[in-house]
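Structure record follows, encoded as structure tokens.
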Amino acid sequence: MYQYNQVDQQIVNERVEQFRDQTRRYLAGELSADEFLALRLMNGLYIQRQAPMLRVAIPYGLMSAEQMRMLANIARKYDKGYGHFTTRTNIQFNWPKLEEVPDILAELATVQMHAIQTSGNCIRNTTTDHFAGVAESELEDPRPWCEIIRQWSTLHPEFAYLPRKFKIAVTGSKEDRAASQVHDIGLHLVQNAEGEIGFEVLVGGGLGRTPVIGKVIREFLPKEDLLSYLDAILRVYNLKGRRDNKYKARIKILVEALGADTFRDLVEAEWVYTRDTELKLTAEEIARVKGFFTPHAYDPSAKDDASLDQQLKDDADFRVWFERNTRAHKVGGYRCVVVSLKPLLGPPGDITDLQMDVVADLADRYSFSEIRSTHDQNLVLAEVRQADLYAVWQVLSEHNLARANINTLTDMIVCPGFDFCALANAKTLNISDAINAEFENLDYLYDLGDIQLNMSGCINACGHHHVGHIGILGVDKKGEDWYQITLGGSGREDASLGKVLGKSVAADEVPSVLRKILETYIEQRTDEERFLDTVRRVGLTPFKEKVYATDH
Amino acid sequence: MPLIINREKVQDSWALVSPEEGADFVERASGHELLLVPFDCLEVADALGSKQLGVQVTGEVEVEQLVPWLSKLSLIAIEFPVFRDGRGFSLARQLRRVGYTGELRAVGDVGRDRLGYLERCGFNAFLIAEEAYSDELLQAFSEISVHYQGSADDPRPIYHQ
């Protein structure tokens with residue numbers, strides 16, 4: 001993975017001292033609350049319902065074991081012993097003290113971490129495929145490009161006061177595990193007719209109040225032009241994006257208002273000025289960054305292992321976990337392990353300090369000291385020899401990190417909701433608990449197959465409910481929590497927005513409504529048909545009839 | 001109001017004249033050696049024969065509208081109505097790009113914590129509210145001393161340096 005040089009380290013160190021001074025001036029009354037708000041947000045610090053919340057950046061979801069131990073240390077020392085992984089693959093701490101945040105940042109800086117631009121109206125953490133570099137079908141590893149974007153976007157002088165936040169995702173394979181089509185910019189590594197690799201560029205995707213699928217504005221962008229093209233998009237947005245209404249300020253609204261063709265024309269006109277400038281990437285720079293992401297020294301004898309087959313035969317629990325929570329690795333004899341942060345009891349995405357240390361130790365011992373955080377709020381140990389899987393599983397099981405539910409109904413994406421978030425209209429964690437209680441039976445979940453359930457506690461859609469196969473949106477009705485259900489969304493390569501099933505349901509009805517939806521699926525599905533495909537084929541009507549049928 | 005040019009506190013010798021209801025603009029704008037006017041008044045002001053002419057704009061004005069005037073302008077003041085309005089950062093970049101070399105001044109809601117970014121986008125002058133100014137503010141330019149991106153004085157990003 002990327003290692004800081006002296007310049008990277010100096011930037012982060014100086015940013016810590018800058019923020020320390022900003023905090024001091026705010027506490028001394030020299031900086032207005034409104035101005036400090038913008039400054040602290042650009043450093044990941046929110047003031048939430050209970051306490052401040054600090055969001056720490058995990059660039060493109062890749063961290064070292066040492067960094068994970070530091071996160072555990074922060075959780076223990078400054079927080080209540082846990083953290084929460086987000087859909088931007090960052091981690092949030094819910095209980096830091098405002099005056100201690102500069103010290104937390106200083107500790108993070110010692111392991112090449114920071115909270116820069118994890119919030120605010122600026123370019124946020126660039127995300128990617130959590131199987132980047134190890135997926136079998138990958139055209140090229142997207143992470144070097146994420147790192148190049150990270151450096152370009154970090155403390156960018158021109159793009160720190162954008163109309164609204166700005167999110168970029170990069171993918172390197174046909175499978176989209178980064179929800180790239182619902183990002184402000186989605187970049188897909190593609191090959192053109194000449195066999196060159198470059199980027200397909202999408203703009204104007206997004207969720208929130210107005211969900212939109214991104215539109216392709218350039219089918220092939222040469223690699224060396226990546227930054228000049230991003231620069232052109234950002235400048236057009238910064239100058240023309242709406243600033244009068246924060247709900248209409250995202251780039252998706254601008255692209256919709258102008259039309260994708262006009263927007264493209266503006267970008268291309270701007271690009272004329274920047275394309276052949278210093279922003280053009282050099283072959284040396286691309287090679288330098290790629291040098292940090294070369295394949296690990298894999299054990300050539302890993303594929304000769306015979307123990308796995310025996311363990312799979314002997315231990316049914318292990319077999320179930322292997323089938324559900326591990327994935328193929330491009331190198332024979334290795335597997336990718338998904339560490340489930342979706343236990344039976346406990347908020348999705350939460351992890352304790354002890355669990356962080358356990359995962360760090362496993363990474364050191366079995367997975368080249370690297371850990372990835374995923375867009376759907378789990379962790380990945382991406383490069384485990386198959387002979388080591390049993391040992392990894394045992395440790396994960398002991399620490400409640402091996403629930404064999406990846407990509408099943410209970411592998412939910414859930415925002416923290418009203419319990420923590422100042423923006424939320426409704427609770428989410430009680431609903432995820434209720435869903436877990438209702439659908440505890442794993443055999444039933446396996447029979448249902450892959451289902452993505454996403455839940456948000458308000459219209460801002462941090463839980464990505466629009467792109468869940470099943471989406472749940474919490475709404476406030478006269479002081480009571482109600483839940484609107486959508487069906488048929490997807491954040492993957494076949495991206496689509498879910499359609500509203502009907503009138504919203506009360507909190508205590510959510511599990512039974514889900515059961516009716518799933519029963520309908522079982523009645524309607526053909527052999528091997530996924531839930532999403534059934535919904536797409538039969539439409540909402542059979543689901544509506546079942547859910548809203550008057551009781552007899 | 002305190003004015004900073006090239007990181008030093010200086011005296012502001014420009015006269016900003018904006019149209020006022022019931023007053024004659026030409027009369028009020030006449031006789032100034034250094035005349036600064038809003039964009040809409042440029043043509044009228046140009047005929048008044050001041051020694052030097054400046055224009056004050058917001059992010060609403062596009063760089064193409066300013067290009068025909070550049071040879072006549074010694075000062076372009078870009079107004080930030082609220083600090084959140086970041087259009088001026090991009091407009092400054094564009095003005096430097098088309099070859100404007102005169103004074104580029106940030107006015108309006110201009111605070112300490114944006115000085116470094118503003119300078120790197122091409123501003124060399126900053127009008128600061130009296131109550132927000134202290135000499136210590138001049139330190140803000142160099143709080144972050146190394147950068148990934150190019151800037152107005154050195155367009156090379158880190159990988160070209």
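Order determines the names: the first chain of the structure tokens is A, the second B, and so forth; residues in each chain are numbered 1 upward, and ligands are numbered 1 upward as they are shown.
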Non-local contacts of Gly88 of chain B (7 Å; only C-alpha atoms; under 5 positions in same chain excluded) as a tab-separated table (two decimals) with N, CA and C atoms, in the first residue's frame:
chain	number	residue	atom	x	y	z
B	59	GLY	N	-18.91	36.32	-8.21
B	59	GLY	CA	-18.80	35.08	-8.98
B	59	GLY	C	-19.82	34.98	-10.10
B	78	ILE	N	-12.53	40.68	-6.54
B	78	ILE	CA	-13.58	39.66	-6.59
B	78	ILE	C	-14.22	39.58	-5.20
B	80	PHE	N	-16.53	38.10	-2.25
B	80	PHE	CA	-17.08	36.89	-1.65
B	80	PHE	C	-18.24	37.32	-0.76
Taking only residues of chain A that have an atom at most 8 Å from an atom of chain B, what is each one's shortest atom pair and its distance in Å to one decimal, using only C-alpha atoms, in chain and number order, as JSON lines?
{"residue": "A:Val7", "atom": "CA", "partner": "B:Val146", "partner_atom": "CA", "distance": 6.7}
{"residue": "A:Gln10", "atom": "CA", "partner": "B:Val146", "partner_atom": "CA", "distance": 7.3}
{"residue": "A:Ile11", "atom": "CA", "partner": "B:Val146", "partner_atom": "CA", "distance": 6.2}
{"residue": "A:Glu14", "atom": "CA", "partner": "B:Ile144", "partner_atom": "CA", "distance": 5.7}
{"residue": "A:Arg15", "atom": "CA", "partner": "B:Ile144", "partner_atom": "CA", "distance": 6.7}
{"residue": "A:Gln18", "atom": "CA", "partner": "B:Glu143", "partner_atom": "CA", "distance": 6.4}
{"residue": "A:Gln151", "atom": "CA", "partner": "B:Tyr148", "partner_atom": "CA", "distance": 6.0}
{"residue": "A:Trp152", "atom": "CA", "partner": "B:Tyr148", "partner_atom": "CA", "distance": 6.0}
{"residue": "A:Thr154", "atom": "CA", "partner": "B:Tyr148", "partner_atom": "CA", "distance": 7.4}
{"residue": "A:Leu155", "atom": "CA", "partner": "B:His147", "partner_atom": "CA", "distance": 7.9}
{"residue": "A:His156", "atom": "CA", "partner": "B:Gln149", "partner_atom": "CA", "distance": 6.8}
{"residue": "A:Pro157", "atom": "CA", "partner": "B:Tyr117", "partner_atom": "CA", "distance": 4.4}
{"residue": "A:Glu158", "atom": "CA", "partner": "B:Phe89", "partner_atom": "CA", "distance": 5.2}
{"residue": "A:Phe159", "atom": "CA", "partner": "B:Gly86", "partner_atom": "CA", "distance": 7.6}
{"residue": "A:Ala160", "atom": "CA", "partner": "B:Gly86", "partner_atom": "CA", "distance": 7.5}
{"residue": "A:Tyr161", "atom": "CA", "partner": "B:Gly86", "partner_atom": "CA", "distance": 4.6}
{"residue": "A:Leu162", "atom": "CA", "partner": "B:Gly86", "partner_atom": "CA", "distance": 5.8}
{"residue": "A:Pro163", "atom": "CA", "partner": "B:Asp85", "partner_atom": "CA", "distance": 7.3}
{"residue": "A:Arg235", "atom": "CA", "partner": "B:Ser90", "partner_atom": "CA", "distance": 6.3}
{"residue": "A:Asn238", "atom": "CA", "partner": "B:Arg87", "partner_atom": "CA", "distance": 5.8}
{"residue": "A:Leu239", "atom": "CA", "partner": "B:Arg87", "partner_atom": "CA", "distance": 5.1}
{"residue": "A:Arg243", "atom": "CA", "partner": "B:Asp85", "partner_atom": "CA", "distance": 7.4}
{"residue": "A:Glu278", "atom": "CA", "partner": "B:Arg156", "partner_atom": "CA", "distance": 5.6}
{"residue": "A:Leu279", "atom": "CA", "partner": "B:Pro157", "partner_atom": "CA", "distance": 6.9}
{"residue": "A:Thr282", "atom": "CA", "partner": "B:Tyr159", "partner_atom": "CA", "distance": 8.0}
{"residue": "A:Glu285", "atom": "CA", "partner": "B:Tyr159", "partner_atom": "CA", "distance": 6.2}
### Query
Any idea what's packed within 7 Å of segment 441-447 of chain A, counting only C-alpha atoms, ignoring anything in its chain fewer than 2 positions away? Could you give it as a PyMOL selection string?
chain A and resi 408-409+439+449
### Task
For segment 108-114 of chain A, list every protein, DNA or RNA residue within 7 Å, evaluated using only C-alpha atoms, and leave out those in the same chain fewer than 3 positions away; present the list as a PyMOL selection string.
chain A and resi 4+9+12-13+56-57+67+70+104-105
Mind dumping the selected residues with all heavy atoms as a PDB file, in the first residue's frame?
ATOM      1  N   TYR A   4       3.664   7.143   3.030  1.00  0.00           N
ATOM      2  CA  TYR A   4       3.942   8.575   2.978  1.00  0.00           C
ATOM      3  C   TYR A   4       5.426   8.835   2.735  1.00  0.00           C
ATOM      4  O   TYR A   4       6.281   8.157   3.307  1.00  0.00           O
ATOM      5  CB  TYR A   4       3.582   9.244   4.311  1.00  0.00           C
ATOM      6  CG  TYR A   4       2.120   9.575   4.485  1.00  0.00           C
ATOM      7  CD1 TYR A   4       1.152   9.090   3.618  1.00  0.00           C
ATOM      8  CD2 TYR A   4       1.714  10.387   5.534  1.00  0.00           C
ATOM      9  CE1 TYR A   4      -0.181   9.403   3.814  1.00  0.00           C
ATOM     10  CE2 TYR A   4       0.382  10.711   5.736  1.00  0.00           C
ATOM     11  CZ  TYR A   4      -0.568  10.215   4.877  1.00  0.00           C
ATOM     12  OH  TYR A   4      -1.883  10.528   5.074  1.00  0.00           O
ATOM     13  N   GLN A   9       3.831  13.510   4.808  1.00  0.00           N
ATOM     14  CA  GLN A   9       3.826  13.593   6.271  1.00  0.00           C
ATOM     15  C   GLN A   9       3.774  15.037   6.742  1.00  0.00           C
ATOM     16  O   GLN A   9       3.036  15.377   7.668  1.00  0.00           O
ATOM     17  CB  GLN A   9       5.091  12.903   6.834  1.00  0.00           C
ATOM     18  CG  GLN A   9       5.062  12.720   8.349  1.00  0.00           C
ATOM     19  CD  GLN A   9       3.974  11.759   8.792  1.00  0.00           C
ATOM     20  OE1 GLN A   9       3.889  10.631   8.333  1.00  0.00           O
ATOM     21  NE2 GLN A   9       3.095  12.216   9.688  1.00  0.00           N
ATOM     22  N   VAL A  12       0.253  16.513   6.469  1.00  0.00           N
ATOM     23  CA  VAL A  12      -0.649  16.049   7.528  1.00  0.00           C
ATOM     24  C   VAL A  12      -0.259  16.679   8.873  1.00  0.00           C
ATOM     25  O   VAL A  12      -1.127  17.138   9.629  1.00  0.00           O
ATOM     26  CB  VAL A  12      -0.642  14.504   7.591  1.00  0.00           C
ATOM     27  CG1 VAL A  12      -1.343  14.004   8.831  1.00  0.00           C
ATOM     28  CG2 VAL A  12      -1.321  13.938   6.349  1.00  0.00           C
ATOM     29  N   ASN A  13       1.023  16.735   9.149  1.00  0.00           N
ATOM     30  CA  ASN A  13       1.469  17.334  10.416  1.00  0.00           C
ATOM     31  C   ASN A  13       1.069  18.806  10.513  1.00  0.00           C
ATOM     32  O   ASN A  13       0.578  19.266  11.551  1.00  0.00           O
ATOM     33  CB  ASN A  13       2.997  17.235  10.555  1.00  0.00           C
ATOM     34  CG  ASN A  13       3.447  15.794  10.768  1.00  0.00           C
ATOM     35  OD1 ASN A  13       2.637  14.904  11.002  1.00  0.00           O
ATOM     36  ND2 ASN A  13       4.744  15.570  10.678  1.00  0.00           N
ATOM     37  N   VAL A  56     -12.753   9.712  10.521  1.00  0.00           N
ATOM     38  CA  VAL A  56     -11.351   9.570  10.120  1.00  0.00           C
ATOM     39  C   VAL A  56     -11.294   8.955   8.725  1.00  0.00           C
ATOM     40  O   VAL A  56     -12.014   7.995   8.424  1.00  0.00           O
ATOM     41  CB  VAL A  56     -10.586   8.683  11.126  1.00  0.00           C
ATOM     42  CG1 VAL A  56      -9.152   8.443  10.673  1.00  0.00           C
ATOM     43  CG2 VAL A  56     -10.610   9.329  12.508  1.00  0.00           C
ATOM     44  N   ALA A  57     -10.438   9.499   7.878  1.00  0.00           N
ATOM     45  CA  ALA A  57     -10.347   9.034   6.497  1.00  0.00           C
ATOM     46  C   ALA A  57      -9.599   7.713   6.400  1.00  0.00           C
ATOM     47  O   ALA A  57      -8.560   7.514   7.023  1.00  0.00           O
ATOM     48  CB  ALA A  57      -9.629  10.079   5.640  1.00  0.00           C
ATOM     49  N   GLN A  67      -2.272   0.828  11.376  1.00  0.00           N
ATOM     50  CA  GLN A  67      -3.291   1.885  11.404  1.00  0.00           C
ATOM     51  C   GLN A  67      -4.536   1.418  12.141  1.00  0.00           C
ATOM     52  O   GLN A  67      -5.140   2.168  12.902  1.00  0.00           O
ATOM     53  CB  GLN A  67      -3.622   2.317   9.971  1.00  0.00           C
ATOM     54  CG  GLN A  67      -2.463   3.072   9.313  1.00  0.00           C
ATOM     55  CD  GLN A  67      -2.714   3.392   7.858  1.00  0.00           C
ATOM     56  OE1 GLN A  67      -3.368   2.628   7.148  1.00  0.00           O
ATOM     57  NE2 GLN A  67      -2.191   4.517   7.396  1.00  0.00           N
ATOM     58  N   MET A  70      -4.059   1.711  15.707  1.00  0.00           N
ATOM     59  CA  MET A  70      -4.193   3.103  16.146  1.00  0.00           C
ATOM     60  C   MET A  70      -5.669   3.470  16.295  1.00  0.00           C
ATOM     61  O   MET A  70      -6.047   4.158  17.250  1.00  0.00           O
ATOM     62  CB  MET A  70      -3.508   4.055  15.145  1.00  0.00           C
ATOM     63  CG  MET A  70      -3.704   5.533  15.455  1.00  0.00           C
ATOM     64  SD  MET A  70      -3.180   6.005  17.132  1.00  0.00           S
ATOM     65  CE  MET A  70      -1.409   6.169  16.865  1.00  0.00           C
ATOM     66  N   ILE A 104      -6.127  13.803  19.015  1.00  0.00           N
ATOM     67  CA  ILE A 104      -6.465  12.591  18.261  1.00  0.00           C
ATOM     68  C   ILE A 104      -5.828  12.668  16.865  1.00  0.00           C
ATOM     69  O   ILE A 104      -5.206  11.714  16.394  1.00  0.00           O
ATOM     70  CB  ILE A 104      -8.005  12.431  18.123  1.00  0.00           C
ATOM     71  CG1 ILE A 104      -8.645  12.270  19.499  1.00  0.00           C
ATOM     72  CG2 ILE A 104      -8.340  11.251  17.219  1.00  0.00           C
ATOM     73  CD1 ILE A 104     -10.174  12.223  19.470  1.00  0.00           C
ATOM     74  N   LEU A 105      -5.957  13.821  16.242  1.00  0.00           N
ATOM     75  CA  LEU A 105      -5.392  13.984  14.897  1.00  0.00           C
ATOM     76  C   LEU A 105      -3.871  13.839  14.927  1.00  0.00           C
ATOM     77  O   LEU A 105      -3.279  13.265  14.007  1.00  0.00           O
ATOM     78  CB  LEU A 105      -5.782  15.350  14.320  1.00  0.00           C
ATOM     79  CG  LEU A 105      -7.285  15.567  14.118  1.00  0.00           C
ATOM     80  CD1 LEU A 105      -7.559  17.006  13.677  1.00  0.00           C
ATOM     81  CD2 LEU A 105      -7.840  14.589  13.090  1.00  0.00           C
TER      82      LEU A 105
END
### Task
Tell me which protein, DNA and RNA residues are within 12 Å of Asp40 of chain B, counting only C-alpha atoms, leaving out same-chain ones fewer than 5 positions away, and put them as a ChimeraX atom specification.
/B:17-19,25,45-46,55-58,60-61,65-66
For the residues selected in the previous step, produce a file with C-alpha atoms as a PDB file, in the first residue's frame.
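As a result, out30.pdb now contains:
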ATOM      1  CA  VAL B  17     -17.679  54.141  -6.410  1.00  0.00           C
ATOM      2  CA  SER B  18     -20.964  52.291  -6.833  1.00  0.00           C
ATOM      3  CA  PRO B  19     -24.174  53.745  -8.242  1.00  0.00           C
ATOM      4  CA  PHE B  25     -22.624  58.392 -10.726  1.00  0.00           C
ATOM      5  CA  ALA B  45     -16.148  54.797 -15.861  1.00  0.00           C
ATOM      6  CA  ASP B  46     -13.756  54.104 -18.697  1.00  0.00           C
ATOM      7  CA  VAL B  55     -13.479  46.569 -11.486  1.00  0.00           C
ATOM      8  CA  GLN B  56     -15.272  44.825  -8.664  1.00  0.00           C
ATOM      9  CA  VAL B  57     -17.170  41.638  -9.539  1.00  0.00           C
ATOM     10  CA  THR B  58     -18.873  38.699  -7.868  1.00  0.00           C
ATOM     11  CA  GLU B  60     -21.785  35.907 -11.210  1.00  0.00           C
ATOM     12  CA  VAL B  61     -19.466  37.493 -13.782  1.00  0.00           C
ATOM     13  CA  GLN B  65     -16.952  39.124 -19.902  1.00  0.00           C
ATOM     14  CA  LEU B  66     -13.751  40.454 -18.370  1.00  0.00           C
TER      15      LEU B  66
END
### Per-residue DSSP, segment 369-494 of chain A, filtered to strand (DSSP E), as an MDAnalysis selection string
chainID A and resid 370:373 379:385 413:414 453:456 470:477 480:487
### Sel. of helix (DSSP H, G or I) residues, chain B, as a PyMOL selection string
chain B and resi 25-29+39-46+63-72+87-97+112-120+130-132+135-142+158-160
Can you tell me which residues surround Ile459 of chain A at a distance of at most 8 Å, considering only C-alpha atoms, apart from same-chain residues fewer than 5 positions away, and format the answer as a PDB file with N, CA and C atoms, in the first residue's frame?
ATOM      1  N   GLY A 208     -29.474  10.859  -1.836  1.00  0.00           N
ATOM      2  CA  GLY A 208     -30.101  11.994  -1.167  1.00  0.00           C
ATOM      3  C   GLY A 208     -31.538  12.204  -1.610  1.00  0.00           C
ATOM      4  N   ARG A 209     -31.956  13.466  -1.559  1.00  0.00           N
ATOM      5  CA  ARG A 209     -33.335  13.840  -1.840  1.00  0.00           C
ATOM      6  C   ARG A 209     -33.736  13.551  -3.287  1.00  0.00           C
ATOM      7  N   LEU A 473     -36.645   3.636   4.299  1.00  0.00           N
ATOM      8  CA  LEU A 473     -36.388   5.030   4.623  1.00  0.00           C
ATOM      9  C   LEU A 473     -37.237   5.433   5.822  1.00  0.00           C
ATOM     10  N   GLY A 474     -36.579   5.886   6.877  1.00  0.00           N
ATOM     11  CA  GLY A 474     -37.301   6.345   8.061  1.00  0.00           C
ATOM     12  C   GLY A 474     -37.857   7.742   7.844  1.00  0.00           C
ATOM     13  N   VAL A 475     -39.113   7.934   8.150  1.00  0.00           N
ATOM     14  CA  VAL A 475     -39.727   9.257   8.036  1.00  0.00           C
ATOM     15  C   VAL A 475     -40.451   9.591   9.342  1.00  0.00           C
TER      16      VAL A 475
END
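Atom pair atom CA of Asp176 of chain A / atom CA of His469 of chain A: separated by 15.1 Å.
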### Query
So what do you get for atom CA of Ala387 of chain A versus atom CA of Met412 of chain A, distance-wise?
29.7 Å
### Message
When you count only C-alpha atoms, which of these residues is closest to Gly417 of chain A: A:Cys462, A:Val359, A:Ala391, A:Val384?
### Response
A:Cys462
### Message
Give me, as a PyMOL selection string, all polymer residues having an atom no more than 8 Å from segment 3-11 of chain B, counting only C-alpha atoms and skipping those fewer than 2 positions away in the same chain.
### Response
chain B and resi 1+13+124-128+138+141
### Message
If I take atom CA of Thr550 of chain A and atom CA of Ile517 of chain A, how far is one from the other in Å, to one decimal?
### Response
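Interatomic distance here is 15.2 Å.
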